[in-house]
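Undergrad: Take a look at this one; I'll ask things after.
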Amino acid sequence: RIGKHQYRNPIYLAKEWRKALDNGVYASPAALARHFKVSRARVTQIMNLLRLSLEVIDMISSLGDSIRYPIVTERKLRPLVGLSIKQQISQAKIILSNVMHNQT
């Protein structure tokens, strides 16, 4: 969480962790997990979001890093990873419409 009512966009978190691993900041996903005090499985779950289609990653990224409500979460995005690109985009639009509806 960021601040009192701010949440991290999981796509930004996944990109940040991928960059840190690629740049050698952490020797392994396990080392990253230890640093952030999360499980190795949690690191895998977050990193798997980068397997979403580029269109969906861009759609979710368009919300920015800090989001007011935990509507766009890794848990909600996780089922999209195994879908076709067309299905991913369709489901992402539904998730984003819920975000927009709840921010009004």
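If you're wondering about the labels, chains in the structure tokens are A, B, ... by order shown, residues count from 1 in each chain, ligands from 1 in order shown.
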When DSSP works through the backbone of this structure, what residues of chain A end up as helix (DSSP H, G or I), shown as a ChimeraX atom specification?
TA: /A:10-22,29-36,40-51,54-61,74-82,85-102
Undergrad: Once you count only C-alpha atoms, what closest atom pair and distance in Å to one decimal does each residue of range 31-87 of chain A within 7 Å of range 6-16 of chain A have, with rows by chain and rising residue number, as CSV?
TA:
residue,atom,partner,partner_atom,distance
A:Ile46,CA,A:Ala14,CA,5.5
A:Met47,CA,A:Ala14,CA,5.0
A:Leu49,CA,A:Ile11,CA,6.6
A:Leu50,CA,A:Ala14,CA,6.7
A:Ile57,CA,A:Ile11,CA,6.8
A:Ile60,CA,A:Ile11,CA,7.0
A:Ser61,CA,A:Ile11,CA,6.4
A:Gly64,CA,A:Asn9,CA,6.9
A:Asp65,CA,A:Asn9,CA,4.9
A:Ser66,CA,A:Arg8,CA,4.9
A:Ile67,CA,A:Tyr7,CA,5.1
A:Arg68,CA,A:Gln6,CA,4.8
A:Tyr69,CA,A:Tyr7,CA,6.6
A:Pro70,CA,A:Tyr7,CA,6.1
A:Val72,CA,A:Asn9,CA,6.8
A:Thr73,CA,A:Pro10,CA,6.1
A:Glu74,CA,A:Pro10,CA,5.8
Undergrad: So how far away is CA of Trp17 in chain A from CA of Leu32 in chain A, in Å?
TA: 7.8 Å
Undergrad: Taking into account only C-alpha atoms, which residue in the set A:Lys19, A:Arg51, A:Arg34, A:Arg42 is nearest to Gly82 in chain A?
TA: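 Once distances to Gly82 in chain A are computed over only C-alpha atoms, the minimum belongs to A:Arg51.
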Undergrad: Looking at only C-alpha atoms, which of A:Leu77, A:Ala20, A:Asn48, A:Ser62 is the one that sits closest to His35 in chain A?
TA: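 With only C-alpha atoms as the atom set, the closest residue is A:Ala20.
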Undergrad: Please extract the residues of chain A with a backbone DSSP assignment of strand (DSSP E or B) and present them as a PDB file with N, CA, C and O atoms, in the first residue's frame.
TA:
ATOM      1  N   ILE A   2       0.351   2.253  -0.639  1.00  0.00           N
ATOM      2  CA  ILE A   2       1.006   3.557  -0.667  1.00  0.00           C
ATOM      3  C   ILE A   2       0.089   4.515   0.075  1.00  0.00           C
ATOM      4  O   ILE A   2      -1.082   4.628  -0.249  1.00  0.00           O
ATOM      5  N   GLN A   6      -3.979   4.282  -0.839  1.00  0.00           N
ATOM      6  CA  GLN A   6      -3.413   4.106  -2.168  1.00  0.00           C
ATOM      7  C   GLN A   6      -2.854   2.701  -2.280  1.00  0.00           C
ATOM      8  O   GLN A   6      -2.287   2.172  -1.337  1.00  0.00           O
ATOM      9  N   TYR A   7      -3.024   2.099  -3.451  1.00  0.00           N
ATOM     10  CA  TYR A   7      -2.561   0.746  -3.702  1.00  0.00           C
ATOM     11  C   TYR A   7      -1.681   0.742  -4.936  1.00  0.00           C
ATOM     12  O   TYR A   7      -1.870   1.541  -5.842  1.00  0.00           O
ATOM     13  N   ARG A   8      -0.722  -0.165  -4.986  1.00  0.00           N
ATOM     14  CA  ARG A   8       0.149  -0.275  -6.160  1.00  0.00           C
ATOM     15  C   ARG A   8      -0.568  -1.015  -7.271  1.00  0.00           C
ATOM     16  O   ARG A   8      -1.230  -2.017  -7.038  1.00  0.00           O
ATOM     17  N   SER A  66      -0.123   4.271  -8.749  1.00  0.00           N
ATOM     18  CA  SER A  66      -0.881   4.377  -7.499  1.00  0.00           C
ATOM     19  C   SER A  66      -2.368   4.442  -7.830  1.00  0.00           C
ATOM     20  O   SER A  66      -2.808   5.299  -8.590  1.00  0.00           O
ATOM     21  N   ILE A  67      -3.131   3.497  -7.277  1.00  0.00           N
ATOM     22  CA  ILE A  67      -4.573   3.483  -7.531  1.00  0.00           C
ATOM     23  C   ILE A  67      -5.321   3.580  -6.209  1.00  0.00           C
ATOM     24  O   ILE A  67      -4.856   3.097  -5.183  1.00  0.00           O
TER      25      ILE A  67
END
Undergrad: If you measure from CA of Leu83 in chain A to CA of Leu52 in chain A, what distance in Å do you get, rounded to one decimal?
TA: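 About the pair CA of Leu83 in chain A and CA of Leu52 in chain A: they are 8.8 Å apart.
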Undergrad: Nearest residue to Ser90 in chain A out of A:Ser53, A:Thr44, A:Ser28, A:Asn23, using only C-alpha atoms?
TA: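 Looking at the shortest contact to Ser90 in chain A, the residue is A:Ser53.
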Undergrad: Between CA of Ser97 in chain A and CA of Val43 in chain A, what is the spacing in Å?
TA: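 That distance, rounded to one decimal, is 27.2 Å.
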Undergrad: Name all residues at most 10 Å from Lys76 in chain A (count only C-alpha atoms; drop same-chain ones fewer than 5 positions away) and give them as a PyMOL selection string.
TA: chain A and resi 70-71+91-92+95
Undergrad: Mind writing the picked residues with all heavy atoms as a PDB file, in the first residue's frame?
TA:
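The file below, selection20.pdb, is the result:
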ATOM      1  N   PRO A  70      -8.400  -1.092  -4.432  1.00  0.00           N
ATOM      2  CA  PRO A  70      -7.719  -2.332  -4.836  1.00  0.00           C
ATOM      3  C   PRO A  70      -8.568  -3.165  -5.787  1.00  0.00           C
ATOM      4  O   PRO A  70      -8.813  -4.342  -5.564  1.00  0.00           O
ATOM      5  CB  PRO A  70      -7.500  -3.038  -3.497  1.00  0.00           C
ATOM      6  CG  PRO A  70      -8.665  -2.611  -2.668  1.00  0.00           C
ATOM      7  CD  PRO A  70      -8.929  -1.170  -3.082  1.00  0.00           C
ATOM      8  N   ILE A  71      -9.041  -2.534  -6.866  1.00  0.00           N
ATOM      9  CA  ILE A  71      -9.892  -3.227  -7.829  1.00  0.00           C
ATOM     10  C   ILE A  71      -9.039  -3.957  -8.849  1.00  0.00           C
ATOM     11  O   ILE A  71      -9.338  -5.070  -9.231  1.00  0.00           O
ATOM     12  CB  ILE A  71     -10.859  -2.232  -8.505  1.00  0.00           C
ATOM     13  CG1 ILE A  71     -11.861  -1.735  -7.460  1.00  0.00           C
ATOM     14  CG2 ILE A  71     -11.566  -2.869  -9.685  1.00  0.00           C
ATOM     15  CD1 ILE A  71     -12.700  -0.599  -7.911  1.00  0.00           C
ATOM     16  N   GLN A  91     -11.890  -9.319 -21.000  1.00  0.00           N
ATOM     17  CA  GLN A  91     -11.965  -9.374 -19.534  1.00  0.00           C
ATOM     18  C   GLN A  91     -11.337  -8.129 -18.897  1.00  0.00           C
ATOM     19  O   GLN A  91     -11.849  -7.611 -17.901  1.00  0.00           O
ATOM     20  CB  GLN A  91     -11.276 -10.642 -19.008  1.00  0.00           C
ATOM     21  CG  GLN A  91     -12.015 -11.917 -19.341  1.00  0.00           C
ATOM     22  CD  GLN A  91     -13.404 -11.954 -18.727  1.00  0.00           C
ATOM     23  OE1 GLN A  91     -13.596 -11.730 -17.542  1.00  0.00           O
ATOM     24  NE2 GLN A  91     -14.398 -12.220 -19.559  1.00  0.00           N
ATOM     25  N   ALA A  92     -10.246  -7.647 -19.464  1.00  0.00           N
ATOM     26  CA  ALA A  92      -9.598  -6.440 -18.942  1.00  0.00           C
ATOM     27  C   ALA A  92     -10.527  -5.238 -19.061  1.00  0.00           C
ATOM     28  O   ALA A  92     -10.588  -4.392 -18.152  1.00  0.00           O
ATOM     29  CB  ALA A  92      -8.283  -6.176 -19.672  1.00  0.00           C
ATOM     30  N   ILE A  95     -12.933  -5.419 -16.203  1.00  0.00           N
ATOM     31  CA  ILE A  95     -12.280  -4.994 -14.961  1.00  0.00           C
ATOM     32  C   ILE A  95     -12.125  -3.478 -14.939  1.00  0.00           C
ATOM     33  O   ILE A  95     -12.433  -2.822 -13.944  1.00  0.00           O
ATOM     34  CB  ILE A  95     -10.911  -5.691 -14.792  1.00  0.00           C
ATOM     35  CG1 ILE A  95     -11.121  -7.189 -14.542  1.00  0.00           C
ATOM     36  CG2 ILE A  95     -10.106  -5.057 -13.666  1.00  0.00           C
ATOM     37  CD1 ILE A  95      -9.850  -8.028 -14.634  1.00  0.00           C
TER      38      ILE A  95
END
